[in-house]
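Participant: Got a structure for you, coords_1.tsv, holding TSV, C-alpha atoms (C1' of nucleotides).
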chain	number	residue	atom	x	y	z
A	273	MET	CA	-26.97	-13.38	0.12
A	274	SER	CA	-27.58	-12.49	-3.53
A	275	THR	CA	-24.85	-12.97	-6.09
A	276	PRO	CA	-24.11	-9.24	-6.55
A	277	GLU	CA	-23.92	-8.94	-2.77
A	278	ARG	CA	-21.49	-11.82	-2.52
A	279	LEU	CA	-19.38	-10.33	-5.28
A	280	ILE	CA	-19.21	-6.96	-3.56
A	281	GLU	CA	-18.40	-8.45	-0.17
A	282	SER	CA	-15.73	-10.69	-1.66
A	283	THR	CA	-14.19	-7.75	-3.45
A	284	ARG	CA	-14.16	-5.76	-0.22
A	285	GLU	CA	-12.25	-8.50	1.58
A	286	LEU	CA	-9.77	-9.05	-1.20
A	287	LEU	CA	-9.17	-5.32	-1.65
A	288	TRP	CA	-8.46	-5.06	2.05
A	289	GLU	CA	-6.06	-7.96	2.00
A	290	ARG	CA	-4.34	-7.65	-1.37
A	291	GLY	CA	-5.22	-4.22	-2.73
A	292	TYR	CA	-6.64	-3.43	-6.15
A	293	VAL	CA	-3.59	-4.41	-8.17
A	294	GLY	CA	-3.29	-7.69	-6.31
A	295	THR	CA	-6.93	-8.68	-6.73
A	296	SER	CA	-7.91	-10.53	-9.89
A	297	PRO	CA	-11.46	-11.03	-11.19
A	298	LYS	CA	-10.84	-14.75	-10.99
A	299	ALA	CA	-9.97	-14.53	-7.30
A	300	ILE	CA	-13.12	-12.52	-6.68
A	301	GLN	CA	-15.26	-15.06	-8.51
A	302	GLU	CA	-13.77	-17.95	-6.59
A	303	HIS	CA	-14.17	-16.18	-3.25
A	304	ALA	CA	-17.78	-15.30	-4.07
A	305	GLY	CA	-18.60	-18.72	-5.48
A	306	ALA	CA	-19.82	-17.07	-8.67
A	307	GLY	CA	-19.02	-17.83	-12.29
A	308	GLN	CA	-17.32	-15.50	-14.70
A	309	GLY	CA	-20.46	-14.85	-16.72
A	310	SER	CA	-22.31	-14.02	-13.55
A	311	MET	CA	-19.79	-11.40	-12.55
A	312	TYR	CA	-19.78	-9.71	-15.94
A	313	HIS	CA	-23.56	-9.77	-16.01
A	314	HIS	CA	-23.88	-7.77	-12.78
A	315	PHE	CA	-20.86	-5.52	-13.18
A	316	LYS	CA	-19.16	-3.88	-16.12
A	317	GLY	CA	-15.75	-5.17	-15.05
A	318	LYS	CA	-13.15	-5.03	-12.32
A	319	PRO	CA	-13.15	-1.22	-11.88
A	320	ASP	CA	-16.95	-1.12	-11.68
A	321	LEU	CA	-17.05	-3.83	-9.04
A	322	ALA	CA	-14.18	-2.27	-7.12
A	323	LEU	CA	-15.96	1.06	-7.09
A	324	ALA	CA	-19.04	-0.50	-5.49
A	325	ALA	CA	-16.83	-2.27	-2.93
A	326	ILE	CA	-14.78	0.82	-2.10
A	327	ARG	CA	-17.89	2.96	-1.71
A	328	ARG	CA	-19.39	0.53	0.75
A	329	THR	CA	-16.17	0.20	2.74
A	330	ALA	CA	-15.85	3.98	2.90
A	331	GLU	CA	-19.44	4.34	4.05
A	332	GLU	CA	-19.00	1.71	6.73
A	333	MET	CA	-15.82	3.29	8.03
A	334	ARG	CA	-17.49	6.65	8.25
A	335	ALA	CA	-20.40	5.16	10.20
A	336	THR	CA	-18.03	3.42	12.62
A	337	ALA	CA	-16.03	6.58	13.20
A	338	GLU	CA	-19.16	8.67	13.68
A	339	GLY	CA	-20.40	6.16	16.24
A	340	VAL	CA	-17.30	6.63	18.35
A	341	LEU	CA	-16.86	10.36	17.81
A	342	SER	CA	-20.46	11.24	18.67
A	343	SER	CA	-20.44	9.27	21.92
A	344	PRO	CA	-20.86	11.21	25.16
A	345	GLY	CA	-17.79	12.66	26.80
A	346	SER	CA	-15.39	15.58	26.59
A	347	PRO	CA	-13.60	16.35	23.31
A	348	TYR	CA	-10.42	14.75	24.64
A	349	GLU	CA	-12.34	11.66	25.72
A	350	ARG	CA	-14.01	11.29	22.34
A	351	ILE	CA	-10.69	11.59	20.52
A	352	GLU	CA	-9.21	9.09	22.92
A	353	ALA	CA	-12.11	6.73	22.27
A	354	TYR	CA	-11.48	7.07	18.53
A	355	LEU	CA	-7.76	6.41	18.89
A	356	ARG	CA	-8.24	3.47	21.22
A	357	ARG	CA	-11.19	1.92	19.43
A	358	GLU	CA	-10.76	-1.73	18.61
A	359	ARG	CA	-9.10	-2.24	15.26
A	360	ASP	CA	-7.83	-5.12	13.20
A	361	VAL	CA	-4.45	-3.40	13.29
A	362	LEU	CA	-2.40	-5.95	11.37
A	363	ARG	CA	-4.87	-5.96	8.49
A	364	GLY	CA	-4.33	-2.24	8.03
A	365	CYS	CA	-6.94	0.39	7.27
A	366	PRO	CA	-9.27	-0.81	4.49
A	367	VAL	CA	-9.58	2.74	3.20
A	368	GLY	CA	-6.10	4.10	3.85
A	369	ARG	CA	-4.30	1.15	2.24
A	370	LEU	CA	-5.96	2.03	-1.07
A	371	THR	CA	-3.89	5.21	-1.25
A	372	MET	CA	-0.82	3.04	-1.86
A	373	ASP	CA	-2.47	1.38	-4.84
A	374	PRO	CA	-1.22	2.94	-8.08
A	375	ASP	CA	-4.34	2.04	-10.06
A	376	VAL	CA	-6.68	3.49	-7.43
A	377	ILE	CA	-4.72	6.72	-7.27
A	378	ALA	CA	-4.61	6.92	-11.06
A	379	SER	CA	-8.40	6.79	-11.28
A	380	ASP	CA	-10.34	9.83	-10.10
A	381	GLU	CA	-13.44	7.68	-9.73
A	382	LEU	CA	-11.82	5.09	-7.49
A	383	ARG	CA	-9.90	7.65	-5.46
A	384	ALA	CA	-12.93	9.86	-4.81
A	385	PRO	CA	-14.56	7.77	-2.04
A	386	VAL	CA	-11.18	7.42	-0.34
A	387	ASP	CA	-10.49	11.13	-0.53
A	388	GLU	CA	-13.97	12.08	0.66
A	389	THR	CA	-13.90	9.71	3.62
A	390	ILE	CA	-10.53	10.86	4.87
A	391	ASP	CA	-11.49	14.47	4.29
A	392	TRP	CA	-14.75	14.04	6.19
A	393	LEU	CA	-12.93	12.40	9.09
A	394	ARG	CA	-10.42	15.20	9.23
A	395	GLU	CA	-13.15	17.83	9.34
A	396	ARG	CA	-15.04	15.87	11.96
A	397	LEU	CA	-11.96	15.63	14.16
A	398	ALA	CA	-11.14	19.30	13.61
A	399	GLY	CA	-14.60	20.25	14.89
A	400	ILE	CA	-14.04	18.25	18.06
A	401	VAL	CA	-10.62	19.81	18.62
A	402	GLU	CA	-12.20	23.23	18.12
A	403	GLU	CA	-14.78	22.36	20.76
A	404	GLY	CA	-11.96	21.34	23.08
A	405	LYS	CA	-10.26	24.67	22.55
A	406	GLU	CA	-13.45	26.55	23.38
A	407	GLN	CA	-13.85	24.54	26.55
A	408	GLY	CA	-10.26	25.19	27.53
A	409	GLN	CA	-9.33	21.52	27.24
A	410	PHE	CA	-6.85	22.23	24.45
A	411	ALA	CA	-4.46	25.20	24.22
A	412	PRO	CA	-5.95	28.11	22.25
A	413	THR	CA	-2.70	28.37	20.27
A	414	LEU	CA	-3.34	24.99	18.62
A	415	ASP	CA	-4.72	24.92	15.10
A	416	ALA	CA	-7.68	22.53	15.02
A	417	GLU	CA	-7.16	21.52	11.37
A	418	GLU	CA	-3.51	20.78	12.02
A	419	ILE	CA	-4.19	18.68	15.10
A	420	ALA	CA	-6.92	16.79	13.26
A	421	ALA	CA	-4.44	15.95	10.48
A	422	THR	CA	-1.90	14.83	13.08
A	423	ILE	CA	-4.44	12.55	14.74
A	424	LEU	CA	-5.44	10.95	11.47
A	425	ALA	CA	-1.84	10.61	10.35
A	426	THR	CA	-0.88	8.95	13.62
A	427	VAL	CA	-3.59	6.36	13.07
A	428	GLN	CA	-2.73	5.73	9.44
A	429	GLY	CA	0.99	5.64	10.19
A	430	GLY	CA	0.35	3.40	13.18
A	431	TYR	CA	-0.85	0.71	10.80
A	432	VAL	CA	2.41	1.00	8.87
A	433	LEU	CA	4.55	0.60	12.00
A	434	ALA	CA	2.47	-2.35	13.17
A	435	ARG	CA	2.64	-4.18	9.85
A	436	ALA	CA	6.37	-3.54	9.54
A	437	SER	CA	7.04	-5.15	12.91
A	438	GLY	CA	4.35	-7.77	12.57
A	439	SER	CA	2.79	-6.75	15.88
A	440	PRO	CA	-0.07	-4.41	16.82
A	441	ALA	CA	2.01	-3.04	19.72
A	442	ALA	CA	3.66	-0.34	17.62
A	443	PHE	CA	0.25	1.10	16.76
A	444	ASP	CA	-0.69	1.40	20.41
A	445	THR	CA	2.66	2.93	21.32
A	446	GLY	CA	2.21	5.70	18.77
A	447	VAL	CA	-1.33	6.34	19.98
A	448	ARG	CA	-0.20	6.59	23.60
A	449	GLY	CA	2.45	9.11	22.57
A	450	LEU	CA	-0.12	11.26	20.81
A	451	LEU	CA	-2.55	11.06	23.73
A	452	ALA	CA	0.23	12.15	26.07
A	453	LEU	CA	0.93	15.17	23.87
A	454	LEU	CA	-2.77	16.02	23.68
A	455	SER	CA	-3.46	15.41	27.35
A	456	PRO	CA	-5.17	18.34	29.05
A	457	LEU	CA	-3.42	17.37	32.28
A	458	ARG	CA	0.08	18.16	31.18
B	253	MET	CA	26.02	1.23	-15.17
B	254	SER	CA	26.33	-2.56	-15.21
B	255	THR	CA	23.35	-4.73	-16.02
B	256	PRO	CA	22.81	-5.99	-12.47
B	257	GLU	CA	23.00	-2.39	-11.29
B	258	ARG	CA	20.41	-1.25	-13.82
B	259	LEU	CA	18.15	-4.13	-12.83
B	260	ILE	CA	18.34	-3.24	-9.15
B	261	GLU	CA	17.78	0.47	-9.78
B	262	SER	CA	14.83	-0.25	-12.05
B	263	THR	CA	13.32	-2.56	-9.48
B	264	ARG	CA	13.72	0.12	-6.81
B	265	GLU	CA	11.81	2.64	-8.90
B	266	LEU	CA	9.04	0.25	-9.86
B	267	LEU	CA	8.63	-1.03	-6.30
B	268	TRP	CA	8.28	2.56	-5.15
B	269	GLU	CA	5.70	3.38	-7.77
B	270	ARG	CA	3.70	0.17	-8.10
B	271	GLY	CA	4.68	-2.02	-5.16
B	272	TYR	CA	5.84	-5.62	-5.28
B	273	VAL	CA	2.56	-7.12	-6.44
B	274	GLY	CA	2.21	-4.53	-9.19
B	275	THR	CA	5.73	-4.96	-10.52
B	276	SER	CA	6.35	-7.64	-13.14
B	277	PRO	CA	9.73	-9.02	-14.18
B	278	LYS	CA	8.91	-7.93	-17.70
B	279	ALA	CA	8.37	-4.33	-16.59
B	280	ILE	CA	11.69	-4.43	-14.75
B	281	GLN	CA	13.50	-5.78	-17.81
B	282	GLU	CA	12.02	-3.11	-20.05
B	283	HIS	CA	12.84	-0.34	-17.60
B	284	ALA	CA	16.40	-1.63	-17.24
B	285	GLY	CA	16.88	-2.24	-20.94
B	286	ALA	CA	17.88	-5.82	-20.17
B	287	GLY	CA	16.70	-9.07	-21.69
B	288	GLN	CA	14.90	-11.83	-19.88
B	289	GLY	CA	17.83	-14.21	-19.97
B	290	SER	CA	20.05	-11.51	-18.58
B	291	MET	CA	17.82	-10.96	-15.59
B	292	TYR	CA	17.55	-14.64	-14.76
B	293	HIS	CA	21.29	-15.01	-15.14
B	294	HIS	CA	22.05	-12.36	-12.50
B	295	PHE	CA	19.16	-13.05	-10.13
B	296	LYS	CA	17.28	-16.14	-9.11
B	297	GLY	CA	13.91	-14.51	-9.82
B	298	LYS	CA	11.62	-11.71	-8.81
B	299	PRO	CA	11.90	-12.20	-5.03
B	300	ASP	CA	15.71	-12.32	-5.21
B	301	LEU	CA	15.89	-9.12	-7.22
B	302	ALA	CA	13.32	-7.41	-5.04
B	303	LEU	CA	15.32	-8.30	-1.95
B	304	ALA	CA	18.41	-6.61	-3.36
B	305	ALA	CA	16.34	-3.56	-4.29
B	306	ILE	CA	14.58	-3.32	-0.94
B	307	ARG	CA	17.86	-3.67	0.96
B	308	ARG	CA	19.40	-0.83	-0.97
B	309	THR	CA	16.37	1.42	-0.57
B	310	ALA	CA	16.31	0.73	3.16
B	311	GLU	CA	20.01	1.49	3.46
B	312	GLU	CA	19.63	4.73	1.55
B	313	MET	CA	16.70	5.86	3.65
B	314	ARG	CA	18.61	5.18	6.81
B	315	ALA	CA	21.57	7.20	5.57
B	316	THR	CA	19.34	10.12	4.61
B	317	ALA	CA	17.60	10.10	7.98
B	318	GLU	CA	20.90	9.85	9.85
B	319	GLY	CA	22.20	12.83	7.88
B	320	VAL	CA	19.32	15.00	9.07
B	321	LEU	CA	19.10	13.64	12.61
B	322	SER	CA	22.80	14.02	13.33
B	323	SER	CA	22.95	17.62	12.16
B	324	PRO	CA	23.79	20.28	14.73
B	325	GLY	CA	20.97	21.76	16.79
B	326	SER	CA	18.79	21.06	19.78
B	327	PRO	CA	16.76	17.83	19.95
B	328	TYR	CA	13.60	19.71	18.96
B	329	GLU	CA	15.40	21.33	16.04
B	330	ARG	CA	16.73	18.03	14.77
B	331	ILE	CA	13.30	16.43	14.96
B	332	GLU	CA	11.85	19.44	13.19
B	333	ALA	CA	14.51	19.14	10.51
B	334	TYR	CA	13.57	15.49	10.05
B	335	LEU	CA	9.87	16.26	9.82
B	336	ARG	CA	10.35	19.17	7.45
B	337	ARG	CA	13.02	17.58	5.29
B	338	GLU	CA	12.26	17.67	1.61
B	339	ARG	CA	10.27	14.64	0.48
B	340	ASP	CA	8.61	13.41	-2.65
B	341	VAL	CA	5.38	13.33	-0.66
B	342	LEU	CA	3.00	12.22	-3.39
B	343	ARG	CA	5.19	9.26	-4.26
B	344	GLY	CA	4.88	7.98	-0.72
B	345	CYS	CA	7.60	6.44	1.43
B	346	PRO	CA	9.59	3.87	-0.55
B	347	VAL	CA	10.03	1.77	2.58
B	348	GLY	CA	6.71	2.33	4.33
B	349	ARG	CA	4.59	1.57	1.27
B	350	LEU	CA	5.99	-1.96	1.22
B	351	THR	CA	4.15	-2.72	4.44
B	352	MET	CA	0.89	-2.58	2.48
B	353	ASP	CA	2.15	-5.19	0.05
B	354	PRO	CA	0.72	-8.61	0.92
B	355	ASP	CA	3.58	-10.55	-0.68
B	356	VAL	CA	6.23	-8.50	1.13
B	357	ILE	CA	4.53	-8.96	4.48
B	358	ALA	CA	4.07	-12.67	3.81
B	359	SER	CA	7.83	-13.13	3.31
B	360	ASP	CA	10.06	-12.82	6.37
B	361	GLU	CA	13.03	-12.22	4.10
B	362	LEU	CA	11.45	-9.31	2.23
B	363	ARG	CA	9.89	-7.80	5.34
B	364	ALA	CA	13.11	-7.91	7.37
B	365	PRO	CA	14.84	-4.86	5.83
B	366	VAL	CA	11.61	-2.88	6.16
B	367	ASP	CA	11.18	-3.88	9.78
B	368	GLU	CA	14.80	-3.19	10.67
B	369	THR	CA	14.83	0.23	9.04
B	370	ILE	CA	11.68	1.42	10.74
B	371	ASP	CA	12.83	-0.03	14.02
B	372	TRP	CA	16.20	1.66	13.75
B	373	LEU	CA	14.56	4.99	12.97
B	374	ARG	CA	12.27	4.66	15.94
B	375	GLU	CA	15.16	3.97	18.28
B	376	ARG	CA	17.15	6.82	16.79
B	377	LEU	CA	14.26	9.23	17.33
B	378	ALA	CA	13.65	7.90	20.84
B	379	GLY	CA	17.27	8.69	21.74
B	380	ILE	CA	16.86	12.25	20.56
B	381	VAL	CA	13.63	12.68	22.50
B	382	GLU	CA	15.39	11.30	25.57
B	383	GLU	CA	18.13	13.89	25.09
B	384	GLY	CA	15.46	16.55	24.87
B	385	LYS	CA	13.95	15.40	28.13
B	386	GLU	CA	17.33	15.55	29.86
B	387	GLN	CA	17.86	19.06	28.58
B	388	GLY	CA	14.42	20.11	29.76
B	389	GLN	CA	13.22	20.76	26.21
B	390	PHE	CA	10.55	18.05	26.51
B	391	ALA	CA	8.38	17.31	29.54
B	392	PRO	CA	9.89	14.61	31.79
B	393	THR	CA	6.50	12.86	31.88
B	394	LEU	CA	6.75	12.00	28.19
B	395	ASP	CA	7.81	8.50	27.20
B	396	ALA	CA	10.57	8.76	24.59
B	397	GLU	CA	9.65	5.48	22.83
B	398	GLU	CA	6.04	6.55	22.57
B	399	ILE	CA	6.84	9.99	21.20
B	400	ALA	CA	9.24	8.45	18.69
B	401	ALA	CA	6.49	6.13	17.47
B	402	THR	CA	4.11	9.08	17.20
B	403	ILE	CA	6.63	11.05	15.14
B	404	LEU	CA	7.22	8.16	12.74
B	405	ALA	CA	3.51	7.42	12.49
B	406	THR	CA	2.74	11.04	11.70
B	407	VAL	CA	5.21	10.93	8.83
B	408	GLN	CA	3.98	7.59	7.47
B	409	GLY	CA	0.35	8.62	7.88
B	410	GLY	CA	1.07	11.99	6.32
B	411	TYR	CA	1.88	10.22	3.08
B	412	VAL	CA	-1.51	8.52	3.21
B	413	LEU	CA	-3.40	11.80	3.71
B	414	ALA	CA	-1.43	13.46	0.94
B	415	ARG	CA	-2.02	10.68	-1.57
B	416	ALA	CA	-5.71	10.50	-0.69
B	417	SER	CA	-6.19	14.18	-1.43
B	418	GLY	CA	-3.74	14.28	-4.30
B	419	SER	CA	-1.83	17.13	-2.69
B	420	PRO	CA	1.26	17.32	-0.46
B	421	ALA	CA	-0.44	19.96	1.71
B	422	ALA	CA	-2.08	17.40	4.00
B	423	PHE	CA	1.33	15.99	4.90
B	424	ASP	CA	2.61	19.41	5.93
B	425	THR	CA	-0.53	20.16	7.92
B	426	GLY	CA	-0.11	17.01	9.99
B	427	VAL	CA	3.56	17.79	10.57
B	428	ARG	CA	2.77	21.31	11.72
B	429	GLY	CA	0.24	19.93	14.17
B	430	LEU	CA	2.78	17.54	15.64
B	431	LEU	CA	5.45	20.25	15.89
B	432	ALA	CA	2.96	22.47	17.71
B	433	LEU	CA	2.29	19.67	20.21
B	434	LEU	CA	6.01	19.02	20.66
B	435	SER	CA	6.98	22.68	20.84
B	436	PRO	CA	9.05	23.51	23.94
B	437	LEU	CA	7.52	26.99	23.90
B	438	ARG	CA	4.00	25.97	24.69
C	177	DG	C1'	26.67	-12.85	-20.16
C	178	DT	C1'	22.95	-12.16	-23.37
C	179	DC	C1'	19.53	-13.72	-26.55
C	180	DT	C1'	15.50	-16.31	-28.40
C	181	DA	C1'	12.18	-20.04	-27.96
C	182	DT	C1'	8.95	-22.23	-25.43
C	183	DA	C1'	5.49	-23.02	-21.92
C	184	DA	C1'	2.20	-23.25	-18.13
C	185	DT	C1'	-0.69	-19.99	-15.74
C	186	DT	C1'	-3.30	-16.01	-14.98
C	187	DA	C1'	-5.60	-11.46	-16.20
C	188	DG	C1'	-9.34	-9.35	-18.02
C	189	DA	C1'	-12.84	-9.69	-20.91
C	190	DT	C1'	-16.45	-11.09	-24.91
C	191	DA	C1'	-19.91	-14.32	-27.14
C	192	DG	C1'	-23.39	-16.97	-27.04
C	193	DA	C1'	-25.78	-21.25	-25.31
C	194	DC	C1'	-28.99	-22.54	-21.73
D	19	DG	C1'	-29.16	-14.87	-14.50
D	20	DT	C1'	-25.72	-18.33	-14.90
D	21	DC	C1'	-22.72	-21.22	-17.53
D	22	DT	C1'	-19.04	-22.66	-20.83
D	23	DA	C1'	-16.12	-21.56	-24.63
D	24	DT	C1'	-12.98	-18.63	-26.51
D	25	DC	C1'	-9.60	-14.86	-26.97
D	26	DT	C1'	-5.54	-11.68	-26.45
D	27	DA	C1'	-2.09	-10.31	-23.68
D	28	DA	C1'	0.83	-10.64	-19.68
D	29	DT	C1'	3.17	-13.22	-15.93
D	30	DT	C1'	6.86	-15.93	-14.34
D	31	DA	C1'	9.65	-18.64	-15.45
D	32	DT	C1'	12.99	-22.71	-17.97
D	33	DA	C1'	16.00	-24.43	-21.86
D	34	DG	C1'	19.32	-23.97	-24.70
D	35	DA	C1'	21.64	-21.53	-28.64
D	36	DC	C1'	25.11	-17.92	-29.45
Rewrite the structure from the file as structure tokens, please.

Facilitator:
Amino acid sequence: MSTPERLIESTRELLWERGYVGTSPKAIQEHAGAGQGSMYHHFKGKPDLALAAIRRTAEEMRATAEGVLSSPGSPYERIEAYLRRERDVLRGCPVGRLTMDPDVIASDELRAPVDETIDWLRERLAGIVEEGKEQGQFAPTLDAEEIAATILATVQGGYVLARASGSPAAFDTGVRGLLALLSPLR
Amino acid sequence: MSTPERLIESTRELLWERGYVGTSPKAIQEHAGAGQGSMYHHFKGKPDLALAAIRRTAEEMRATAEGVLSSPGSPYERIEAYLRRERDVLRGCPVGRLTMDPDVIASDELRAPVDETIDWLRERLAGIVEEGKEQGQFAPTLDAEEIAATILATVQGGYVLARASGSPAAFDTGVRGLLALLSPLR
DNA sequence: GTCTATAATTAGATAGAC
DNA sequence: GTCTATCTAATTATAGAC
């Protein structure tokens, strides 16, 4: 892997684990096996490198979600597949965790990829819920945008519950509750 | 206010805004108007002070939640009151945000108050859902523990959506979706 | 109890040799 | 492109005077 590549990938991992505030250029350099001069040659500084890392993480998450959401099956089944998809629950969401970072939120540039990804996901889910309403799988009284926000919030909040308790179980419990509420059988 | 008090209150505010990793002893001292020597006289160091701050924040959150959840009304109404209670949405949850802090999660002592508070809240909500099932307000097929986890996750995740978009609206949208799914009328 | 002095380490970056 | 040297400020303390 090229040096810029290693720097970006290292930044992605450290951002996921320690957030922006908790990630120092030195730590990135050590993790990437690159010198200081090398880092500042390829990137303007920490924000520049973080932006590249965040953009890539956001892109990847979107691709993963699209893969699950566009799979065959009924709207309910696709939402279930998204909710039950394998996740590294205790590591948290690599995109969502950035919203708790004061420096990311303070920068419009760094926040943009986060905002866009979550917004895209919400719209994508809303479309599927709408489909489900048309097919009679979901009650016509439900608001697709609202349900989409609830689904996303349950996932993002599930990470919080799991990390608080130190076990992925809490995530799954919350997901099962939501699926029960959404279930077309009830 | 006494110096230790001011130090604890300052730490609480900074932890809420910048997290543990992003909060320096110096920032705490400046915010509290206390000198360095003063801080190290009253507390062993940053972790000791943070523990006092986190414990108090957890206690306060529990008291606030109990106030809303023990108010008169049906189970659904009390859950609705909890979900709709006034919040400083864009600041995030002062307890939940700590779960994204690597140093808090790495320390059993610092994580304990967070874990206990969230766990207590989940049990408290589960009891109310159970009540609702007994009264026929919620379907008997629902699992109270699961629904409680979903409610808490929706709240915690709502903060994430709101901070990503920079607007409290996303929080409210997710809450409305959940209330629609829980509604005894549907 | 509070203050100042001191100190080892890191953060975040620039300059310039190679 | 990568490296080392250098720099300013901040971090997280400890020591000891007042």

Participant: Pick out the chain A residues within 12 Å of chain C. Count only C-alpha atoms (C1' of nucleotides). Give them as a PyMOL selection string.

Facilitator: chain A and resi 293-299+308-309+311-313+315-319

Participant: With a distance threshold of 6 Å and counting only C-alpha atoms, extract the residues of chain A near chain B and express them as a list in words.

Facilitator: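 Listing them in order of chain and number gives Arg290, Val293, Gly294, Thr371, Pro374, Asp387, Glu418, Ile419, Ala421, Thr422, Ala425, Thr426, Gln428, Gly429, Gly430, Arg435, Ala436, Ser437, Thr445, Gly446, Gly449, Leu450 and Leu453 of chain A.
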
Participant: Rounded to one decimal, what separation in Å do you get between CA of Met273 in chain A and CA of Leu323 in chain A?

Facilitator: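 Pair CA of Met273 in chain A / CA of Leu323 in chain A returns 19.5 Å.
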
Participant: What is the CA of Val320 in chain B-CA of Arg337 in chain B distance in Å, reported with one decimal?

Facilitator: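 We find that CA of Val320 in chain B and CA of Arg337 in chain B lie 7.8 Å from each other.
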
Participant: Give me the residues of chain D that have any atom at most 10 Å from an atom of chain B; for each, the nearest atom pair and the distance in Å, rounded to one decimal. Use only C-alpha atoms (C1' of nucleotides), sort by chain and number, and format it as JSON lines.

Facilitator:
{"residue": "D:DA28", "atom": "C1'", "partner": "B:Lys278", "partner_atom": "CA", "distance": 8.7}
{"residue": "D:DT29", "atom": "C1'", "partner": "B:Ser276", "partner_atom": "CA", "distance": 7.0}
{"residue": "D:DT30", "atom": "C1'", "partner": "B:Pro277", "partner_atom": "CA", "distance": 7.5}
{"residue": "D:DA31", "atom": "C1'", "partner": "B:Gly297", "partner_atom": "CA", "distance": 8.2}
{"residue": "D:DT32", "atom": "C1'", "partner": "B:Tyr292", "partner_atom": "CA", "distance": 9.8}

Participant: Store the residues picked out above in a file with C-alpha atoms (C1' of nucleotides), as a PDB file, in the coordinates of the input.

Facilitator:
ATOM      1  C1'  DA D  28       0.830 -10.640 -19.680  1.00  0.00           C
ATOM      2  C1'  DT D  29       3.170 -13.220 -15.930  1.00  0.00           C
ATOM      3  C1'  DT D  30       6.860 -15.930 -14.340  1.00  0.00           C
ATOM      4  C1'  DA D  31       9.650 -18.640 -15.450  1.00  0.00           C
ATOM      5  C1'  DT D  32      12.990 -22.710 -17.970  1.00  0.00           C
TER       6       DT D  32
END

Participant: Which residues, protein or nucleic acid, reach to within 10 Å of (-23.9, -22.0, -11.3) in the file's coordinates when using all atoms listed in the file, and can you give that as JSON, numbers by chain?

Facilitator: {"A": [305, 306, 307, 308, 309, 310], "D": [19, 20, 21]}

Participant: The selected residues should be written to file as a PDB file, keeping the file's coordinate frame (atoms: C-alpha atoms (C1' of nucleotides)).

Facilitator:
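Here's the written file selection_24.pdb:
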ATOM      1  CA  GLY A 305     -18.600 -18.720  -5.480  1.00  0.00           C
ATOM      2  CA  ALA A 306     -19.820 -17.070  -8.670  1.00  0.00           C
ATOM      3  CA  GLY A 307     -19.020 -17.830 -12.290  1.00  0.00           C
ATOM      4  CA  GLN A 308     -17.320 -15.500 -14.700  1.00  0.00           C
ATOM      5  CA  GLY A 309     -20.460 -14.850 -16.720  1.00  0.00           C
ATOM      6  CA  SER A 310     -22.310 -14.020 -13.550  1.00  0.00           C
TER       7      SER A 310
ATOM      8  C1'  DG D  19     -29.160 -14.870 -14.500  1.00  0.00           C
ATOM      9  C1'  DT D  20     -25.720 -18.330 -14.900  1.00  0.00           C
ATOM     10  C1'  DC D  21     -22.720 -21.220 -17.530  1.00  0.00           C
TER      11       DC D  21
END

Participant: Rounded to one decimal, what separation in Å do you get between CA of Ala330 in chain A and CA of Glu349 in chain A?

Facilitator: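 Atom-to-atom, CA of Ala330 in chain A to CA of Glu349 in chain A, that is 24.3 Å.
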
Participant: Would you compute, for all listed atoms of range 279-285 of chain B, the axis-aligned bounding box grown by 8 Å on each side, and then report its centre and edge lengths in Å rounded to one decimal, as AutoDock Vina command-line options?

Facilitator:
--center_x 12.6 --center_y -3.1 --center_z -17.8 --size_x 24.5 --size_y 21.4 --size_z 22.2

Participant: Would you mind listing what lies within 9 Å of Ala337 in chain A as a PyMOL selection string, with only C-alpha atoms (C1' of nucleotides) counted and same-chain residues fewer than 4 positions away left out?

Facilitator: chain A and resi 332-333+341-342+354+393
